[in-house]
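S.K.: Before anything else, here's the structure in question.
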2 protein chains.
Amino acid sequence: MAASPQPFEPPPGAAFLLSALGSLAAARFAERVAALDLAPPQVGLLRAIAATPGQSQQAVAQLLGTPPSRLVALVDGLADRGLVERHRNPTDRRLHALHLTDAGRATLGRLENLGQEHDNDICGALDTEERARLRAMLIRIAEDQNLTPGVHPGYRRDC
Amino acid sequence: MAASPQPFEPPPGAAFLLSALGSLAAARFAERVAALDLAPPQVGLLRAIAATPGQSQQAVAQLLGTPPSRLVALVDGLADRGLVERHRNPTDRRLHALHLTDAGRATLGRLENLGQEHDNDICGALDTEERARLRAMLIRIAEDQNLTPGVHPGYRRDC
DNA sequence: TATTGTTATACTCTATAACTATA
DNA sequence: TATAGTTATAGAGTATAACAATA
């Protein structure tokens with residue numbers, strides 16, 4: 001006999017689940033960093049500047065995969081609050097080298113704790129060993145897909 | 001001695017990887033369904049109507065977790081192309097029962113194949129057994145987070 | 001003339017709230 | 001008066017392209 005009609009057949013595959021849980025994780029992360037008056041793209045920029053200090057806006061834009069014009073408002077917002085600084089290069093005054101301030105580094109430290117809490121919130125259903133296995137699989141997928149480590153592909157318009 | 005400076009420390013946790021890969025998966029899926037002239041929210045609506053045919057727009061809106069006003073344009077787009085129909089309830093003419101047309105069911109069938117290709121694209125780095133383990137872990141996280149199975153949380157404004 | 005950063009503009013997506021029609 | 005659906009409006013976020021300063 002035929003099966004009775006079930007909601008949402010066929011059951012979603014791993015890619016759908018990744019998209020759904022990724023969306024959830026991103027929304028929850030946005031809530032968390034909102035407590036520090038930051039938006040996720042600003043957090044990514046803060047981390048990018050910390051990873052490669054002194055780079056020009058063009059260079060950081062290329063690293064993140066975003067148009068340079070988008071960086072302007074992002075840097076403005078962080079600079080207005082004293083988290084990053086633009087250092088004008090004396091030999092080529094077109095270039096603005098980006099650096100974190102002490103306050104920026106302090107904020108990054110707070111973000112680190114906040115990120116751990118976020119991880120525990122999202123992965124609470126898994127024990128430590130399972131979490132490590134999940135992480136290992138996700139890293140393999142990310143490498144296979146040529147994602148730049150540490151960079152969120154949400155910055156990219158291509159993909 | 002101190003470690004040399006490394007990009008993006010500390011290494012991203014599972015939640016960041018979920019967000020990043022979810023974003024990638026969503027973008028790739030959007031590209032795929034664009035070939036059928038569909039946007040991802042339309043696909044989710046198509047699947048929701050198939051899962052619970054004959055429901056009102058309010059009921060579907062509640063299932064998806066989205067404001068009813070958002071459904072209007074979504075249903076309009078699918079109805080204009082003959083994929084869904086609004087059946088007015090004769091006993092209460094305020095209600096529009098949503099149904100798929102034959103063309104809508106055919107499109108859903110094409111989306112099913114397309115979803116499998118998408119899954120293979122995203123999870124190409126994993127073998128069948130690993131993919132099943134990944135899927136099982138993601139389902140456990142989704143249940144732990146009270147996600148409605150089959151519904152993408154991107155529809156929700158709360159979370 | 002080429003390049004860095006900036007600004008201006010327009011477009012997409014979405015939520016909120018007002019509105020219409022049915023009850 | 002309450003409810004289903006619709007429309008109008010506004011806001012956030014982003015990309016594209018024009019622009020100014022510097023080389």
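So you can find residues: chains in the structure tokens are A, B, ... in the order shown, residues in each start at 1, and ligands are numbered from 1 in order.
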Output the contact residues of chain D with respect to chain B at a cut-off of 10 Å, based on only C-alpha atoms (C1' of nucleotides), as an mmCIF file with N, CA and C atoms (P, O5', C5', C4', C3', O3' and C1' of nucleotides), in the first residue's frame.
M.R.:
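Contents of selection.cif, freshly written:
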data_model
loop_
_atom_site.group_PDB
_atom_site.id
_atom_site.type_symbol
_atom_site.label_atom_id
_atom_site.label_comp_id
_atom_site.auth_asym_id
_atom_site.auth_seq_id
_atom_site.Cartn_x
_atom_site.Cartn_y
_atom_site.Cartn_z
ATOM 1 P P DT D 3 -9.641 38.053 15.528
ATOM 2 O "O5'" DT D 3 -9.550 37.601 14.000
ATOM 3 C "C5'" DT D 3 -10.518 36.719 13.501
ATOM 4 C "C4'" DT D 3 -10.385 36.644 11.991
ATOM 5 C "C3'" DT D 3 -8.929 36.497 11.513
ATOM 6 O "O3'" DT D 3 -8.890 35.457 10.564
ATOM 7 C "C1'" DT D 3 -9.986 38.269 10.378
ATOM 8 P P DA D 4 -7.463 34.923 9.973
ATOM 9 O "O5'" DA D 4 -7.606 35.319 8.426
ATOM 10 C "C5'" DA D 4 -8.511 34.582 7.621
ATOM 11 C "C4'" DA D 4 -8.357 34.982 6.175
ATOM 12 C "C3'" DA D 4 -6.922 34.897 5.663
ATOM 13 O "O3'" DA D 4 -6.915 34.253 4.386
ATOM 14 C "C1'" DA D 4 -7.727 37.143 5.501
ATOM 15 P P DG D 5 -5.535 33.974 3.633
ATOM 16 O "O5'" DG D 5 -5.364 35.350 2.848
ATOM 17 C "C5'" DG D 5 -6.284 35.641 1.811
ATOM 18 C "C4'" DG D 5 -6.128 37.088 1.396
ATOM 19 C "C3'" DG D 5 -4.806 37.416 0.704
ATOM 20 O "O3'" DG D 5 -5.092 37.671 -0.671
ATOM 21 C "C1'" DG D 5 -5.476 39.109 2.259
ATOM 22 P P DT D 6 -3.887 38.029 -1.693
ATOM 23 O "O5'" DT D 6 -3.766 39.613 -1.549
ATOM 24 C "C5'" DT D 6 -4.903 40.420 -1.808
ATOM 25 C "C4'" DT D 6 -4.584 41.874 -1.536
ATOM 26 C "C3'" DT D 6 -3.336 42.395 -2.259
ATOM 27 O "O3'" DT D 6 -3.806 43.291 -3.264
ATOM 28 C "C1'" DT D 6 -3.456 43.164 0.017
ATOM 29 P P DT D 7 -2.728 43.970 -4.268
ATOM 30 O "O5'" DT D 7 -2.340 45.321 -3.498
ATOM 31 C "C5'" DT D 7 -3.373 46.214 -3.129
ATOM 32 C "C4'" DT D 7 -2.768 47.387 -2.362
ATOM 33 C "C3'" DT D 7 -1.554 48.040 -3.035
ATOM 34 O "O3'" DT D 7 -1.793 49.436 -3.025
ATOM 35 C "C1'" DT D 7 -1.052 47.501 -0.790
#
S.K.: For the alpha helix (DSSP H) assignment from backbone DSSP, which residues of chain B qualify? Please present them as a PyMOL selection string.
M.R.: chain B and resi 14-34+40-51+57-64+68-80+102-122+128-144
S.K.: Rank nothing, just name the residue among B:Arg140, B:Arg70, B:Arg47, B:Arg88 nearest to Cys123 in chain A, using only C-alpha atoms.
M.R.: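 The closest residue to Cys123 in chain A is B:Arg140.
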S.K.: Pick out the residues sitting within 10 Å of DA8 in chain D, and hand them over as a PyMOL selection string; count only C-alpha atoms (C1' of nucleotides), and ignore anything fewer than 3 positions along from it in its own chain.
M.R.: chain C and resi 17-19
S.K.: Next, write the just-selected residues to a file, as a tab-separated table (two decimals), in the first residue's frame, keeping C-alpha atoms (C1' of nucleotides) as the atom set.
M.R.:
chain	number	residue	atom	x	y	z
C	17	DA	C1'	1.36	49.44	9.17
C	18	DA	C1'	-2.64	51.05	6.76
C	19	DC	C1'	-6.34	49.46	3.96
S.K.: Quick check for you: according to DSSP on this backbone, which residues of range 15-147 of chain A are classed as strand (DSSP E)? Reply as an NGL selection string.
M.R.: :A and (84-88 or 96-100)
S.K.: Between A:Ala61, A:Ile122, A:Ile141, A:Ala79, which one has atoms that come closest to chain C, using only C-alpha atoms (C1' of nucleotides)?
M.R.: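 Checking each candidate against chain C, we get A:Ala61 as the closest.
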S.K.: For chain C, which residues have at least one atom within 8 Å of chain B, if we go by only C-alpha atoms (C1' of nucleotides)? Write them as a ChimeraX atom specification, please.
M.R.: /C:14-15,21-23
S.K.: Go ahead and write the selection's residues with all heavy atoms as a tab-separated table (two decimals), in the first residue's frame.
M.R.:
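So out.tsv came out as:
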chain	number	residue	atom	x	y	z
C	14	DT	P	13.72	38.29	1.17
C	14	DT	OP1	14.39	37.14	1.81
C	14	DT	OP2	12.72	38.09	0.12
C	14	DT	O5'	13.08	39.17	2.32
C	14	DT	C5'	13.91	39.69	3.36
C	14	DT	C4'	13.22	40.79	4.09
C	14	DT	O4'	13.06	41.92	3.22
C	14	DT	C3'	11.82	40.47	4.56
C	14	DT	O3'	11.89	39.98	5.89
C	14	DT	C2'	11.09	41.83	4.48
C	14	DT	C1'	12.08	42.75	3.80
C	14	DT	N1	11.51	43.60	2.72
C	14	DT	C2	11.34	44.94	2.94
C	14	DT	O2	11.63	45.47	4.00
C	14	DT	N3	10.82	45.64	1.89
C	14	DT	C4	10.46	45.14	0.65
C	14	DT	O4	10.00	45.85	-0.22
C	14	DT	C5	10.66	43.70	0.48
C	14	DT	C7	10.29	43.05	-0.82
C	14	DT	C6	11.17	43.01	1.51
C	15	DA	P	10.60	39.73	6.78
C	15	DA	OP1	10.98	38.82	7.87
C	15	DA	OP2	9.51	39.37	5.85
C	15	DA	O5'	10.27	41.16	7.43
C	15	DA	C5'	11.28	41.84	8.15
C	15	DA	C4'	10.73	43.13	8.75
C	15	DA	O4'	10.43	44.06	7.68
C	15	DA	C3'	9.43	42.95	9.53
C	15	DA	O3'	9.47	43.78	10.68
C	15	DA	C2'	8.35	43.38	8.53
C	15	DA	C1'	9.06	44.42	7.69
C	15	DA	N9	8.61	44.44	6.29
C	15	DA	C8	8.46	43.37	5.46
C	15	DA	N7	8.06	43.69	4.25
C	15	DA	C5	7.92	45.07	4.30
C	15	DA	C6	7.52	46.01	3.34
C	15	DA	N6	7.17	45.69	2.10
C	15	DA	N1	7.49	47.32	3.72
C	15	DA	C2	7.85	47.63	4.96
C	15	DA	N3	8.25	46.83	5.96
C	15	DA	C4	8.26	45.55	5.55
C	21	DA	P	-13.04	46.87	-1.48
C	21	DA	OP1	-13.15	46.74	-2.94
C	21	DA	OP2	-13.91	47.79	-0.72
C	21	DA	O5'	-13.23	45.42	-0.82
C	21	DA	C5'	-12.75	44.26	-1.47
C	21	DA	C4'	-13.18	43.07	-0.64
C	21	DA	O4'	-12.48	43.14	0.62
C	21	DA	C3'	-14.66	43.12	-0.28
C	21	DA	O3'	-15.47	42.30	-1.14
C	21	DA	C2'	-14.72	42.69	1.19
C	21	DA	C1'	-13.28	42.60	1.63
C	21	DA	N9	-13.01	43.35	2.87
C	21	DA	C8	-13.19	44.68	3.09
C	21	DA	N7	-12.86	45.07	4.30
C	21	DA	C5	-12.45	43.90	4.92
C	21	DA	C6	-11.99	43.62	6.23
C	21	DA	N6	-11.85	44.54	7.18
C	21	DA	N1	-11.66	42.35	6.52
C	21	DA	C2	-11.79	41.41	5.57
C	21	DA	N3	-12.22	41.56	4.31
C	21	DA	C4	-12.54	42.83	4.05
C	22	DT	P	-15.23	40.69	-1.18
C	22	DT	OP1	-13.86	40.41	-0.81
C	22	DT	OP2	-15.84	40.22	-2.40
C	22	DT	O5'	-16.09	40.09	0.01
C	22	DT	C5'	-15.76	38.77	0.34
C	22	DT	C4'	-15.59	38.57	1.81
C	22	DT	O4'	-15.27	39.74	2.55
C	22	DT	C3'	-16.83	38.03	2.49
C	22	DT	O3'	-16.73	36.63	2.56
C	22	DT	C2'	-16.85	38.70	3.87
C	22	DT	C1'	-15.53	39.44	3.89
C	22	DT	N1	-15.54	40.70	4.69
C	22	DT	C2	-15.17	40.65	6.01
C	22	DT	O2	-14.86	39.62	6.58
C	22	DT	N3	-15.18	41.87	6.65
C	22	DT	C4	-15.51	43.10	6.13
C	22	DT	O4	-15.49	44.11	6.81
C	22	DT	C5	-15.89	43.06	4.75
C	22	DT	C7	-16.26	44.34	4.06
C	22	DT	C6	-15.90	41.88	4.09
C	23	DA	P	-17.99	35.81	3.02
C	23	DA	OP1	-17.75	34.40	2.72
C	23	DA	OP2	-19.13	36.53	2.46
C	23	DA	O5'	-17.98	35.98	4.60
C	23	DA	C5'	-16.95	35.34	5.33
C	23	DA	C4'	-17.04	35.73	6.78
C	23	DA	O4'	-16.91	37.15	6.91
C	23	DA	C3'	-18.40	35.42	7.41
C	23	DA	O3'	-18.33	34.17	8.07
C	23	DA	C2'	-18.64	36.58	8.39
C	23	DA	C1'	-17.46	37.51	8.15
C	23	DA	N9	-17.78	38.93	8.04
C	23	DA	C8	-18.31	39.59	6.98
C	23	DA	N7	-18.46	40.89	7.18
C	23	DA	C5	-18.00	41.09	8.46
C	23	DA	C6	-17.90	42.23	9.27
C	23	DA	N6	-18.28	43.45	8.86
C	23	DA	N1	-17.39	42.07	10.51
C	23	DA	C2	-17.01	40.85	10.91
C	23	DA	N3	-17.06	39.70	10.23
C	23	DA	C4	-17.57	39.89	9.01
S.K.: For chain B versus chain A, which residues have an atom no more than 8 Å away, and what is each residue's nearest atom pair and distance in Å rounded to one decimal, using only C-alpha atoms, chain-then-number order, as JSON lines?
M.R.:
{"residue": "B:Pro5", "atom": "CA", "partner": "A:Ala51", "partner_atom": "CA", "distance": 7.9}
{"residue": "B:Gln6", "atom": "CA", "partner": "A:Ala51", "partner_atom": "CA", "distance": 6.7}
{"residue": "B:Pro7", "atom": "CA", "partner": "A:Ala51", "partner_atom": "CA", "distance": 4.4}
{"residue": "B:Phe8", "atom": "CA", "partner": "A:Ala51", "partner_atom": "CA", "distance": 5.1}
{"residue": "B:Glu9", "atom": "CA", "partner": "A:Ala51", "partner_atom": "CA", "distance": 7.3}
{"residue": "B:Pro10", "atom": "CA", "partner": "A:Glu112", "partner_atom": "CA", "distance": 7.9}
{"residue": "B:Pro11", "atom": "CA", "partner": "A:Gly150", "partner_atom": "CA", "distance": 7.2}
{"residue": "B:Pro12", "atom": "CA", "partner": "A:Gly150", "partner_atom": "CA", "distance": 6.3}
{"residue": "B:Gly13", "atom": "CA", "partner": "A:Asp119", "partner_atom": "CA", "distance": 6.6}
{"residue": "B:Ala14", "atom": "CA", "partner": "A:Arg135", "partner_atom": "CA", "distance": 5.1}
{"residue": "B:Ala15", "atom": "CA", "partner": "A:Asp119", "partner_atom": "CA", "distance": 5.2}
{"residue": "B:Phe16", "atom": "CA", "partner": "A:Ala25", "partner_atom": "CA", "distance": 7.6}
{"residue": "B:Leu17", "atom": "CA", "partner": "A:Leu138", "partner_atom": "CA", "distance": 6.4}
{"residue": "B:Leu18", "atom": "CA", "partner": "A:Gly22", "partner_atom": "CA", "distance": 4.7}
{"residue": "B:Ser19", "atom": "CA", "partner": "A:Gly22", "partner_atom": "CA", "distance": 3.8}
{"residue": "B:Ala20", "atom": "CA", "partner": "A:His152", "partner_atom": "CA", "distance": 5.1}
{"residue": "B:Leu21", "atom": "CA", "partner": "A:Leu18", "partner_atom": "CA", "distance": 6.6}
{"residue": "B:Gly22", "atom": "CA", "partner": "A:Ser19", "partner_atom": "CA", "distance": 3.8}
{"residue": "B:Ser23", "atom": "CA", "partner": "A:Gly154", "partner_atom": "CA", "distance": 6.1}
{"residue": "B:Leu24", "atom": "CA", "partner": "A:Pro153", "partner_atom": "CA", "distance": 6.2}
{"residue": "B:Ala25", "atom": "CA", "partner": "A:Ser19", "partner_atom": "CA", "distance": 5.7}
{"residue": "B:Ala26", "atom": "CA", "partner": "A:Ser19", "partner_atom": "CA", "distance": 5.5}
{"residue": "B:Ala27", "atom": "CA", "partner": "A:Cys159", "partner_atom": "CA", "distance": 7.0}
{"residue": "B:Arg28", "atom": "CA", "partner": "A:Cys159", "partner_atom": "CA", "distance": 7.2}
{"residue": "B:Arg47", "atom": "CA", "partner": "A:Phe8", "partner_atom": "CA", "distance": 6.5}
{"residue": "B:Ala48", "atom": "CA", "partner": "A:Phe8", "partner_atom": "CA", "distance": 6.9}
{"residue": "B:Ala50", "atom": "CA", "partner": "A:Phe8", "partner_atom": "CA", "distance": 7.5}
{"residue": "B:Ala51", "atom": "CA", "partner": "A:Pro7", "partner_atom": "CA", "distance": 4.3}
{"residue": "B:Thr52", "atom": "CA", "partner": "A:Pro7", "partner_atom": "CA", "distance": 6.7}
{"residue": "B:Glu112", "atom": "CA", "partner": "A:Pro10", "partner_atom": "CA", "distance": 8.0}
{"residue": "B:Gln116", "atom": "CA", "partner": "A:Gly13", "partner_atom": "CA", "distance": 7.8}
{"residue": "B:His118", "atom": "CA", "partner": "A:Ala15", "partner_atom": "CA", "distance": 7.1}
{"residue": "B:Asp119", "atom": "CA", "partner": "A:Ala15", "partner_atom": "CA", "distance": 5.2}
{"residue": "B:Ile122", "atom": "CA", "partner": "A:Ala15", "partner_atom": "CA", "distance": 6.3}
{"residue": "B:Cys123", "atom": "CA", "partner": "A:Ile141", "partner_atom": "CA", "distance": 6.5}
{"residue": "B:Gly124", "atom": "CA", "partner": "A:Ile141", "partner_atom": "CA", "distance": 7.5}
{"residue": "B:Ala125", "atom": "CA", "partner": "A:Ile141", "partner_atom": "CA", "distance": 5.6}
{"residue": "B:Leu126", "atom": "CA", "partner": "A:Ile141", "partner_atom": "CA", "distance": 7.5}
{"residue": "B:Arg131", "atom": "CA", "partner": "A:Ala14", "partner_atom": "CA", "distance": 7.2}
{"residue": "B:Leu134", "atom": "CA", "partner": "A:Leu134", "partner_atom": "CA", "distance": 6.8}
{"residue": "B:Arg135", "atom": "CA", "partner": "A:Ala14", "partner_atom": "CA", "distance": 5.1}
{"residue": "B:Met137", "atom": "CA", "partner": "A:Leu134", "partner_atom": "CA", "distance": 7.5}
{"residue": "B:Leu138", "atom": "CA", "partner": "A:Leu17", "partner_atom": "CA", "distance": 6.4}
{"residue": "B:Ile139", "atom": "CA", "partner": "A:Leu17", "partner_atom": "CA", "distance": 7.3}
{"residue": "B:Arg140", "atom": "CA", "partner": "A:Ala125", "partner_atom": "CA", "distance": 6.5}
{"residue": "B:Ile141", "atom": "CA", "partner": "A:Ala125", "partner_atom": "CA", "distance": 5.6}
{"residue": "B:Ala142", "atom": "CA", "partner": "A:Leu21", "partner_atom": "CA", "distance": 6.8}
{"residue": "B:Asp144", "atom": "CA", "partner": "A:Ala125", "partner_atom": "CA", "distance": 6.0}
{"residue": "B:Gln145", "atom": "CA", "partner": "A:Ile122", "partner_atom": "CA", "distance": 7.6}
{"residue": "B:Pro149", "atom": "CA", "partner": "A:Phe8", "partner_atom": "CA", "distance": 7.9}
{"residue": "B:Gly150", "atom": "CA", "partner": "A:Phe8", "partner_atom": "CA", "distance": 5.8}
{"residue": "B:Val151", "atom": "CA", "partner": "A:Ala20", "partner_atom": "CA", "distance": 7.9}
{"residue": "B:His152", "atom": "CA", "partner": "A:Ala20", "partner_atom": "CA", "distance": 5.1}
{"residue": "B:Pro153", "atom": "CA", "partner": "A:Ala20", "partner_atom": "CA", "distance": 6.0}
{"residue": "B:Gly154", "atom": "CA", "partner": "A:Ser23", "partner_atom": "CA", "distance": 6.1}
{"residue": "B:Cys159", "atom": "CA", "partner": "A:Ala27", "partner_atom": "CA", "distance": 7.1}
S.K.: May I ask for the distance between CA of Asp76 in chain B and CA of Val33 in chain B, given in Å to one decimal place?
M.R.: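 Here the two named atoms are 17.9 Å from each other.
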S.K.: For a test of reading the model, state the distance in Å between CA of Gly82 in chain B and CA of Leu46 in chain B, rounded to one decimal.
M.R.: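 Here the two named atoms are 11.9 Å from each other.
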S.K.: Work out how far CA of Gly54 in chain A is from CA of His99 in chain A, in Å to one decimal.
M.R.: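 If I compute the distance from CA of His99 in chain A to CA of Gly54 in chain A, I get 5.6 Å.
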S.K.: List the spatial neighbours of Leu78 in chain B as a ChimeraX atom specification - criterion: any atom at most 10 Å away, only C-alpha atoms (C1' of nucleotides), same-chain residues fewer than 6 positions off excluded.
M.R.: /B:38,42-43,45-46,84-85,100,104
S.K.: Those residues you just picked out, can you put them in a file as a tab-separated table (two decimals), in the first residue's frame with all heavy atoms?
M.R.:
chain	number	residue	atom	x	y	z
B	38	LEU	N	13.65	30.79	-10.63
B	38	LEU	CA	13.07	30.79	-9.29
B	38	LEU	C	14.08	31.35	-8.31
B	38	LEU	O	15.30	31.23	-8.50
B	38	LEU	CB	12.70	29.37	-8.86
B	38	LEU	CG	11.51	28.72	-9.55
B	38	LEU	CD1	11.41	27.26	-9.19
B	38	LEU	CD2	10.22	29.46	-9.18
B	42	GLN	N	10.92	31.30	-3.14
B	42	GLN	CA	9.85	30.70	-3.92
B	42	GLN	C	9.92	29.19	-3.86
B	42	GLN	O	8.88	28.51	-3.80
B	42	GLN	CB	9.94	31.17	-5.38
B	42	GLN	CG	9.64	32.65	-5.56
B	42	GLN	CD	9.77	33.08	-7.01
B	42	GLN	OE1	10.80	32.82	-7.65
B	42	GLN	NE2	8.75	33.73	-7.53
B	43	VAL	N	11.12	28.65	-3.89
B	43	VAL	CA	11.28	27.19	-3.80
B	43	VAL	C	10.76	26.68	-2.47
B	43	VAL	O	10.04	25.68	-2.41
B	43	VAL	CB	12.76	26.80	-4.00
B	43	VAL	CG1	12.94	25.29	-3.80
B	43	VAL	CG2	13.24	27.21	-5.38
B	45	LEU	N	8.52	28.03	-0.62
B	45	LEU	CA	7.06	28.12	-0.62
B	45	LEU	C	6.43	26.99	-1.41
B	45	LEU	O	5.45	26.36	-0.97
B	45	LEU	CB	6.63	29.48	-1.20
B	45	LEU	CG	5.13	29.69	-1.37
B	45	LEU	CD1	4.39	29.49	-0.06
B	45	LEU	CD2	4.86	31.08	-1.94
B	46	LEU	N	7.02	26.70	-2.57
B	46	LEU	CA	6.55	25.58	-3.39
B	46	LEU	C	6.56	24.28	-2.58
B	46	LEU	O	5.60	23.50	-2.60
B	46	LEU	CB	7.49	25.46	-4.60
B	46	LEU	CG	6.96	25.28	-6.02
B	46	LEU	CD1	5.69	26.05	-6.27
B	46	LEU	CD2	8.03	25.68	-7.02
B	84	VAL	N	1.24	27.63	-9.02
B	84	VAL	CA	0.32	27.45	-7.89
B	84	VAL	C	-0.99	28.15	-8.23
B	84	VAL	O	-1.06	29.00	-9.13
B	84	VAL	CB	0.88	28.01	-6.56
B	84	VAL	CG1	2.29	27.52	-6.30
B	84	VAL	CG2	0.83	29.52	-6.55
B	85	GLU	N	-2.03	27.78	-7.49
B	85	GLU	CA	-3.35	28.39	-7.67
B	85	GLU	C	-3.93	28.77	-6.32
B	85	GLU	O	-3.73	28.05	-5.33
B	85	GLU	CB	-4.31	27.43	-8.37
B	85	GLU	CG	-4.12	27.33	-9.87
B	85	GLU	CD	-5.01	26.26	-10.49
B	85	GLU	OE1	-5.61	25.46	-9.73
B	85	GLU	OE2	-5.08	26.21	-11.72
B	100	LEU	N	-0.76	23.35	-5.58
B	100	LEU	CA	0.13	23.27	-6.73
B	100	LEU	C	-0.69	22.91	-7.97
B	100	LEU	O	-1.67	22.16	-7.88
B	100	LEU	CB	1.19	22.19	-6.52
B	100	LEU	CG	2.24	22.42	-5.44
B	100	LEU	CD1	3.33	21.35	-5.56
B	100	LEU	CD2	2.87	23.79	-5.56
B	104	GLY	N	3.31	23.02	-11.45
B	104	GLY	CA	4.02	23.20	-10.18
B	104	GLY	C	4.64	21.90	-9.69
B	104	GLY	O	5.79	21.88	-9.24
S.K.: Could you name the residues that touch DT9 in chain C at 10 Å or less, counting only C-alpha atoms (C1' of nucleotides), but leaving out those on the same chain fewer than 2 positions away, as a list in words?
M.R.: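 The contact residues come out as DT7 and DC11 of chain C; DT16, DA17 and DA18 of chain D.
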S.K.: Output N, CA and C atoms (P, O5', C5', C4', C3', O3' and C1' of nucleotides) for every residue in that selection, as a short mmCIF file (atom, residue, chain, number, x, y, z; two decimals), in the first residue's frame.
M.R.:
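This is the output file result20.cif:
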data_model
loop_
_atom_site.label_atom_id
_atom_site.label_comp_id
_atom_site.auth_asym_id
_atom_site.auth_seq_id
_atom_site.Cartn_x
_atom_site.Cartn_y
_atom_site.Cartn_z
P DT C 7 33.32 60.31 1.37
"O5'" DT C 7 32.34 60.45 0.10
"C5'" DT C 7 32.64 61.42 -0.89
"C4'" DT C 7 31.65 61.28 -2.05
"C3'" DT C 7 30.18 61.26 -1.65
"O3'" DT C 7 29.50 62.16 -2.50
"C1'" DT C 7 30.67 59.44 -3.05
P DC C 11 17.28 51.28 -10.75
"O5'" DC C 11 17.43 49.80 -10.22
"C5'" DC C 11 18.73 49.20 -10.16
"C4'" DC C 11 18.75 48.14 -9.09
"C3'" DC C 11 17.40 47.48 -8.87
"O3'" DC C 11 17.57 46.08 -8.98
"C1'" DC C 11 18.35 48.17 -6.81
P DT D 16 28.66 44.72 -9.22
"O5'" DT D 16 28.39 46.14 -9.87
"C5'" DT D 16 27.07 46.50 -10.23
"C4'" DT D 16 27.06 47.89 -10.82
"C3'" DT D 16 28.31 48.24 -11.63
"O3'" DT D 16 27.91 48.73 -12.90
"C1'" DT D 16 27.92 49.88 -9.94
P DA D 17 29.05 49.13 -13.99
"O5'" DA D 17 29.09 50.71 -13.86
"C5'" DA D 17 27.88 51.41 -13.61
"C4'" DA D 17 28.19 52.85 -13.25
"C3'" DA D 17 29.40 53.42 -14.00
"O3'" DA D 17 29.14 54.78 -14.27
"C1'" DA D 17 29.75 53.63 -11.71
P DA D 18 29.94 55.58 -15.38
"O5'" DA D 18 30.22 56.96 -14.63
"C5'" DA D 18 29.10 57.73 -14.20
"C4'" DA D 18 29.52 58.61 -13.03
"C3'" DA D 18 30.63 59.62 -13.37
"O3'" DA D 18 30.29 60.88 -12.81
"C1'" DA D 18 31.27 58.34 -11.51
#
